[in-house]
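Source file: upload-v3.txt; contents: compact mmCIF, C-alpha atoms.
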```txt
# COMPACT_ATOMS: atom_id res chain seq x y z
CA MET K 1314 -10.07 32.32 33.40
CA ALA K 1315 -10.63 34.38 30.26
CA ARG K 1316 -8.27 32.12 28.32
CA VAL K 1317 -10.10 29.01 29.53
CA ASN K 1318 -13.46 30.48 28.53
CA LEU K 1319 -12.08 31.48 25.13
CA GLY K 1320 -10.74 27.98 24.54
CA ALA K 1321 -14.04 26.42 25.60
CA SER K 1322 -15.95 28.80 23.33
CA ILE K 1323 -13.76 27.93 20.35
CA SER K 1324 -14.21 24.23 21.08
CA ARG K 1325 -17.99 24.58 21.33
CA GLY K 1326 -18.06 26.59 18.11
CA ALA K 1327 -16.00 23.98 16.27
CA MET K 1328 -18.21 21.15 17.54
CA TRP K 1329 -21.34 23.07 16.49
CA ILE K 1330 -19.94 23.42 12.96
CA ILE K 1331 -19.00 19.72 12.79
CA ASP K 1332 -22.40 18.65 14.19
CA SER K 1333 -24.20 20.85 11.67
CA MET K 1334 -22.19 19.34 8.81
CA VAL K 1335 -22.92 15.83 10.09
CA ARG K 1336 -26.66 16.50 10.29
CA GLY K 1337 -26.65 18.06 6.83
CA LEU K 1338 -24.81 15.12 5.27
CA ALA K 1339 -27.08 12.65 7.04
CA THR K 1340 -30.15 14.51 5.74
CA LEU K 1341 -28.75 14.39 2.21
CA GLY K 1342 -28.24 10.63 2.56
CA VAL K 1343 -24.48 10.73 1.99
CA HIS K 1344 -23.03 7.34 2.87
CA PRO K 1345 -20.18 7.42 5.43
CA ASN K 1346 -18.03 5.16 3.23
CA ALA K 1347 -18.25 7.80 0.50
CA LEU K 1348 -16.93 10.40 2.95
CA THR K 1349 -14.06 8.08 3.89
CA THR K 1350 -13.17 7.63 0.21
CA ILE K 1351 -13.39 11.36 -0.51
CA GLY K 1352 -11.11 12.03 2.45
CA VAL K 1353 -8.37 9.76 1.16
CA MET K 1354 -8.67 11.22 -2.35
CA ILE K 1355 -8.14 14.69 -0.86
CA ASN K 1356 -5.07 13.32 0.93
CA VAL K 1357 -3.71 12.15 -2.42
CA GLY K 1358 -4.02 15.78 -3.53
CA CYS K 1359 -2.05 16.72 -0.43
CA CYS K 1360 0.69 14.29 -1.55
CA VAL K 1361 0.85 15.99 -4.97
CA LEU K 1362 1.14 19.43 -3.38
CA PHE K 1363 3.92 18.27 -1.07
CA GLY K 1364 5.71 16.75 -4.04
CA PHE K 1365 5.65 20.08 -5.89
CA GLY K 1366 6.87 21.98 -2.82
CA GLU K 1367 3.54 23.71 -2.16
CA PHE K 1368 3.75 22.91 1.54
CA PHE K 1369 1.43 25.66 2.78
CA TRP K 1370 -1.41 24.59 0.50
CA ALA K 1371 -0.71 20.95 1.32
CA GLY K 1372 -1.32 21.88 4.96
CA ILE K 1373 -4.64 23.51 4.08
CA VAL K 1374 -5.69 20.44 2.09
CA LEU K 1375 -4.60 18.20 4.98
CA ILE K 1376 -6.94 20.11 7.30
CA VAL K 1377 -9.84 19.63 4.87
CA ALA K 1378 -9.06 15.91 4.50
CA ASN K 1379 -9.13 15.40 8.24
CA ILE K 1380 -12.46 17.18 8.53
CA PHE K 1381 -13.81 14.39 6.32
CA ASP K 1382 -12.07 11.91 8.61
CA MET K 1383 -14.08 13.30 11.52
CA LEU K 1384 -17.33 13.37 9.58
CA ASP K 1385 -17.55 9.77 8.34
CA GLY K 1386 -17.75 8.11 11.77
CA ASN K 1387 -20.23 10.67 13.10
CA VAL K 1388 -22.46 10.33 10.04
CA ALA K 1389 -22.31 6.53 10.36
CA ARG K 1390 -23.45 6.68 13.98
CA LEU K 1391 -26.18 9.23 13.30
CA THR K 1392 -27.63 7.30 10.35
CA GLY K 1393 -27.19 3.83 11.86
CA ASN K 1394 -24.72 2.84 9.13
CA VAL K 1395 -22.05 1.58 11.51
CA THR K 1396 -20.69 -1.61 9.94
CA LYS K 1397 -17.61 -3.77 10.38
CA PHE K 1398 -16.61 -3.15 6.78
CA GLY K 1399 -16.96 0.60 7.29
CA SER K 1400 -14.65 0.41 10.30
CA PHE K 1401 -12.19 -1.71 8.30
CA LEU K 1402 -12.33 0.70 5.34
CA ASP K 1403 -11.80 3.74 7.56
CA SER K 1404 -8.83 2.17 9.34
CA SER K 1405 -7.25 0.95 6.10
CA LEU K 1406 -7.62 4.25 4.26
CA ASP K 1407 -6.28 6.12 7.29
CA ARG K 1408 -3.03 4.20 6.83
CA LEU K 1409 -3.02 5.12 3.14
CA SER K 1410 -3.62 8.76 3.98
CA ASP K 1411 -0.66 8.75 6.38
CA MET K 1412 1.63 7.16 3.82
CA VAL K 1413 0.81 9.41 0.86
CA ALA K 1414 1.57 12.54 2.90
CA PHE K 1415 5.04 11.24 3.73
CA LEU K 1416 5.47 10.08 0.14
CA GLY K 1417 4.87 13.61 -1.13
CA ILE K 1418 7.42 15.04 1.30
CA MET K 1419 9.99 12.42 0.26
CA ILE K 1420 9.41 13.17 -3.44
CA PHE K 1421 10.04 16.87 -2.85
CA TYR K 1422 13.25 16.44 -0.86
CA ALA K 1423 14.49 13.81 -3.33
CA GLY K 1424 13.75 16.05 -6.31
CA ASN K 1425 16.13 18.07 -8.41
CA ASN K 1426 15.75 21.36 -6.54
CA THR K 1427 17.71 23.59 -4.17
CA HIS K 1428 16.13 21.89 -1.14
CA LYS K 1429 17.21 18.39 -2.13
CA SER K 1430 18.30 16.51 1.01
CA LEU K 1431 19.01 12.84 1.59
CA LEU K 1432 18.71 13.49 5.33
CA TYR K 1433 15.15 14.82 5.05
CA VAL K 1434 14.16 12.00 2.68
CA THR K 1435 15.49 9.55 5.27
CA LEU K 1436 13.69 11.26 8.15
CA ALA K 1437 10.40 11.25 6.22
CA GLY K 1438 10.95 7.57 5.39
CA VAL K 1439 11.63 6.67 9.03
CA ALA K 1440 8.55 8.64 10.11
CA TRP K 1441 6.53 6.78 7.46
CA ILE K 1442 7.76 3.38 8.68
CA GLY K 1443 7.26 4.36 12.32
CA SER K 1444 3.70 5.56 11.77
CA VAL K 1445 2.75 2.32 9.99
CA LEU K 1446 4.34 0.20 12.73
CA VAL K 1447 2.56 2.16 15.46
CA SER K 1448 -0.81 1.63 13.78
CA TYR K 1449 -0.15 -2.02 12.92
CA SER K 1450 1.05 -2.96 16.42
CA THR K 1451 -2.13 -1.46 17.88
CA ALA K 1452 -4.44 -3.22 15.41
CA ARG K 1453 -2.67 -6.57 15.80
CA SER K 1454 -2.57 -6.46 19.59
CA GLU K 1455 -6.24 -5.48 19.81
CA ALA K 1456 -7.12 -8.42 17.56
CA LEU K 1457 -5.39 -10.59 20.15
CA GLY K 1458 -7.24 -8.97 23.05
CA VAL K 1459 -4.81 -6.30 24.29
CA LYS K 1460 -5.38 -2.54 24.13
CA ALA K 1461 -2.24 -0.63 23.20
CA ASN K 1462 -3.17 3.04 22.80
CA VAL K 1463 -0.04 4.24 24.56
CA GLY K 1464 2.75 6.53 23.46
CA PHE K 1465 2.92 10.28 22.97
CA LEU K 1466 2.95 10.36 19.15
CA GLN K 1467 -0.29 8.77 17.99
CA ARG K 1468 -2.08 9.56 14.73
CA PRO K 1469 -3.77 12.84 15.81
CA GLU K 1470 -0.45 14.19 17.05
CA ARG K 1471 1.29 13.17 13.82
CA ILE K 1472 -1.33 14.95 11.73
CA VAL K 1473 -1.12 18.12 13.83
CA LEU K 1474 2.67 18.14 13.50
CA LEU K 1475 2.45 17.68 9.72
CA ILE K 1476 -0.02 20.56 9.49
CA ILE K 1477 2.24 22.79 11.60
CA GLY K 1478 5.26 21.93 9.47
CA ALA K 1479 3.34 22.49 6.25
CA LEU K 1480 1.65 25.77 7.20
CA SER K 1481 4.94 27.24 8.44
CA THR K 1482 6.70 26.41 5.16
CA TRP K 1483 5.54 28.97 2.64
CA ASP K 1484 8.47 31.34 2.17
CA TRP K 1485 11.53 29.26 1.30
CA SER K 1486 13.77 32.33 1.15
CA SER K 1487 12.95 33.55 4.67
CA ASP K 1488 15.27 33.00 7.64
CA PHE K 1489 12.59 33.96 10.16
CA PHE K 1490 12.61 31.40 12.96
CA LEU K 1491 8.90 30.59 12.62
CA PHE K 1492 9.15 29.86 8.90
CA ASN K 1493 10.11 26.61 7.17
CA ARG K 1494 9.79 24.33 10.19
CA MET K 1495 9.18 21.10 8.25
CA PRO K 1496 12.76 19.78 8.75
CA GLN K 1497 12.37 20.13 12.53
CA VAL K 1498 8.93 18.51 12.35
CA LEU K 1499 10.43 15.58 10.43
CA TRP K 1500 12.94 15.01 13.24
CA VAL K 1501 10.14 14.93 15.81
CA LEU K 1502 8.01 12.64 13.65
CA ALA K 1503 10.85 10.22 12.92
CA VAL K 1504 12.18 9.94 16.47
CA GLY K 1505 8.74 10.17 18.08
CA SER K 1506 7.13 7.52 15.87
CA VAL K 1507 9.92 5.01 16.47
CA TRP K 1508 9.89 5.73 20.20
CA THR K 1509 6.10 5.30 20.33
CA PHE K 1510 6.39 1.97 18.50
CA VAL K 1511 9.03 0.73 20.98
CA HIS K 1512 6.85 1.96 23.87
CA ARG K 1513 3.86 0.05 22.53
CA MET K 1514 5.87 -3.11 21.97
CA ILE K 1515 7.06 -3.05 25.59
CA HIS K 1516 3.53 -2.34 26.80
CA ILE K 1517 2.07 -5.15 24.70
CA TRP K 1518 4.76 -7.59 25.91
CA LYS K 1519 3.95 -6.76 29.54
CA GLU K 1520 0.22 -7.14 28.97
CA PHE K 1521 0.62 -10.54 27.31
CA LYS K 1522 2.95 -11.58 30.09
CA LEU K 1523 0.24 -10.83 32.62
CA ILE K 1524 -2.44 -12.60 30.58
CA GLU K 1525 -0.34 -15.69 29.99
CA GLY K 1526 0.84 -15.94 33.57
CA GLY K 1527 4.41 -14.85 32.99
CA THR K 1528 5.12 -17.23 30.10
CA ALA K 1529 5.64 -14.54 27.42
CA ASN K 1530 9.21 -14.01 26.32
```
Exercise: express the given structure as structure tokens:
Amino acid sequence: MARVNLGASISRGAMWIIDSMVRGLATLGVHPNALTTIGVMINVGCCVLFGFGEFFWAGIVLIVANIFDMLDGNVARLTGNVTKFGSFLDSSLDRLSDMVAFLGIMIFYAGNNTHKSLLYVTLAGVAWIGSVLVSYSTARSEALGVKANVGFLQRPERIVLLIIGALSTWDWSSDFFLFNRMPQVLWVLAVGSVWTFVHRMIHIWKEFKLIEGGTAN
């Protein structure tokens, strides 16, 4: 019971902080599209840090970037600035944010350093492709009238995994089992993203089959 109460207290505290930031930004008249743009610019900084092997600080920057990702929609709703273009911009820049993080990781593992690894470059590339396909399949199916938010590795889970991998990778010389977990995270992201895409494709096929009376093939 104590653990449940502690978790609930942390959640309430986090929501209070986010709500306070949203109210403050709304009072200042900050446009939600500006927050979306700032968020993706911070993610570009995350890409640079990954590329230079500063994984721990890339993880910190990734956390900050995703705080902005939470703020823009809430500010839009609070200020009545919810627009179709804002939704389109947010969705489009989310894809860019996902891709630049993987790009930075690929640059590092492809670089001329002691951690150079074709395997890790490949895993990051597969995770990149999988994440884009997962997002695209959802957007395309919803445009055609079918919801497809299924699969265990959606965007929030991918971001959390990247943060875990980044924050654990700060002492390259250490053999401690909790350090330098990015390679393992890349395996999960690569396999999980592809599996989630396949899962969504099967789900979407079944849904269209039901809608079209069994004529989908």
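Between Leu1409 (chain K) and the residues K:Thr1350, K:Asn1426, K:Asn1394, K:Asn1462, the shortest atom-to-atom distance, using only C-alpha atoms, involves K:Thr1350.
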Could you please determine the separation between CA of Phe1465 (chain K) and CA of Tyr1433 (chain K) in Å, to one decimal place?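 Taking CA of Phe1465 (chain K) and CA of Tyr1433 (chain K), their separation equals 22.2 Å.
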One-decimal distance in Å that lies between CA of Val1498 (chain K) and CA of Leu1474 (chain K):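 CA of Val1498 (chain K) lies at a distance of 6.4 Å from CA of Leu1474 (chain K).
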Between K:Met1334, K:Val1353, K:Ala1452, K:Ala1347, single out the one closest to Leu1375 (chain K), counting only C-alpha atoms. K:Val1353
Given all atoms listed in the file as the counted atoms, nearest of K:Ile1517, K:Leu1341, K:Ala1378, K:Leu1523 to Ser1454 (chain K):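 Looking only at the distances to Ser1454 (chain K), the closest residue turns out to be K:Ile1517.
The space separating CA of Val1447 (chain K) from CA of Trp1500 (chain K) comes to 16.7 Å.
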Looking at K:His1344, K:His1428, K:Arg1336, K:Lys1460, which one is nearest to Glu1520 (chain K), with distances taken over only C-alpha atoms?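 Closest candidate: K:Lys1460.
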Could you name the residues that touch Arg1513 (chain K) at 12 Å or less, counting all atoms listed in the file, but leaving out those on the same chain fewer than 5 positions away, as an mmCIF file with C-alpha atoms, in the frame of the given file?
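So selection_26.cif came out as:
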```
data_model
loop_
_atom_site.group_PDB
_atom_site.id
_atom_site.type_symbol
_atom_site.label_atom_id
_atom_site.label_comp_id
_atom_site.auth_asym_id
_atom_site.auth_seq_id
_atom_site.Cartn_x
_atom_site.Cartn_y
_atom_site.Cartn_z
ATOM 1 C CA GLY K 1443 7.260 4.360 12.320
ATOM 2 C CA LEU K 1446 4.340 0.200 12.730
ATOM 3 C CA VAL K 1447 2.560 2.160 15.460
ATOM 4 C CA SER K 1448 -0.810 1.630 13.780
ATOM 5 C CA TYR K 1449 -0.150 -2.020 12.920
ATOM 6 C CA SER K 1450 1.050 -2.960 16.420
ATOM 7 C CA THR K 1451 -2.130 -1.460 17.880
ATOM 8 C CA ALA K 1452 -4.440 -3.220 15.410
ATOM 9 C CA ARG K 1453 -2.670 -6.570 15.800
ATOM 10 C CA SER K 1454 -2.570 -6.460 19.590
ATOM 11 C CA GLU K 1455 -6.240 -5.480 19.810
ATOM 12 C CA VAL K 1459 -4.810 -6.300 24.290
ATOM 13 C CA LYS K 1460 -5.380 -2.540 24.130
ATOM 14 C CA ALA K 1461 -2.240 -0.630 23.200
ATOM 15 C CA ASN K 1462 -3.170 3.040 22.800
ATOM 16 C CA VAL K 1463 -0.040 4.240 24.560
ATOM 17 C CA GLY K 1464 2.750 6.530 23.460
ATOM 18 C CA PHE K 1465 2.920 10.280 22.970
ATOM 19 C CA LEU K 1466 2.950 10.360 19.150
ATOM 20 C CA GLN K 1467 -0.290 8.770 17.990
ATOM 21 C CA SER K 1506 7.130 7.520 15.870
ATOM 22 C CA VAL K 1507 9.920 5.010 16.470
ATOM 23 C CA TRP K 1508 9.890 5.730 20.200
ATOM 24 C CA TRP K 1518 4.760 -7.590 25.910
ATOM 25 C CA LYS K 1519 3.950 -6.760 29.540
ATOM 26 C CA GLU K 1520 0.220 -7.140 28.970
#
```
From K:His1516, K:Gly1366, K:Lys1397, K:Asp1407, residue lying nearest Asn1493 (chain K) [only C-alpha atoms]: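 Counting only C-alpha atoms, the residue closest to Asn1493 (chain K) is K:Gly1366.
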For region 1416-1422 of chain K, find every residue with an atom within 7 Å (counting only C-alpha atoms), except residues of its own chain fewer than 5 positions away, and show them as a list in words.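 With the cut-off at 7 Å, the set is Cys1360, Val1361, Phe1363, Gly1364, Phe1365, Gly1366, His1428, Lys1429, Ser1430, Tyr1433, Val1434 and Ala1437 of chain K.
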Using all atoms listed in the file, the residue out of K:Ile1331, K:Met1412, K:Ile1351, K:Ala1423 with shortest distance to Met1383 (chain K) is K:Ile1331
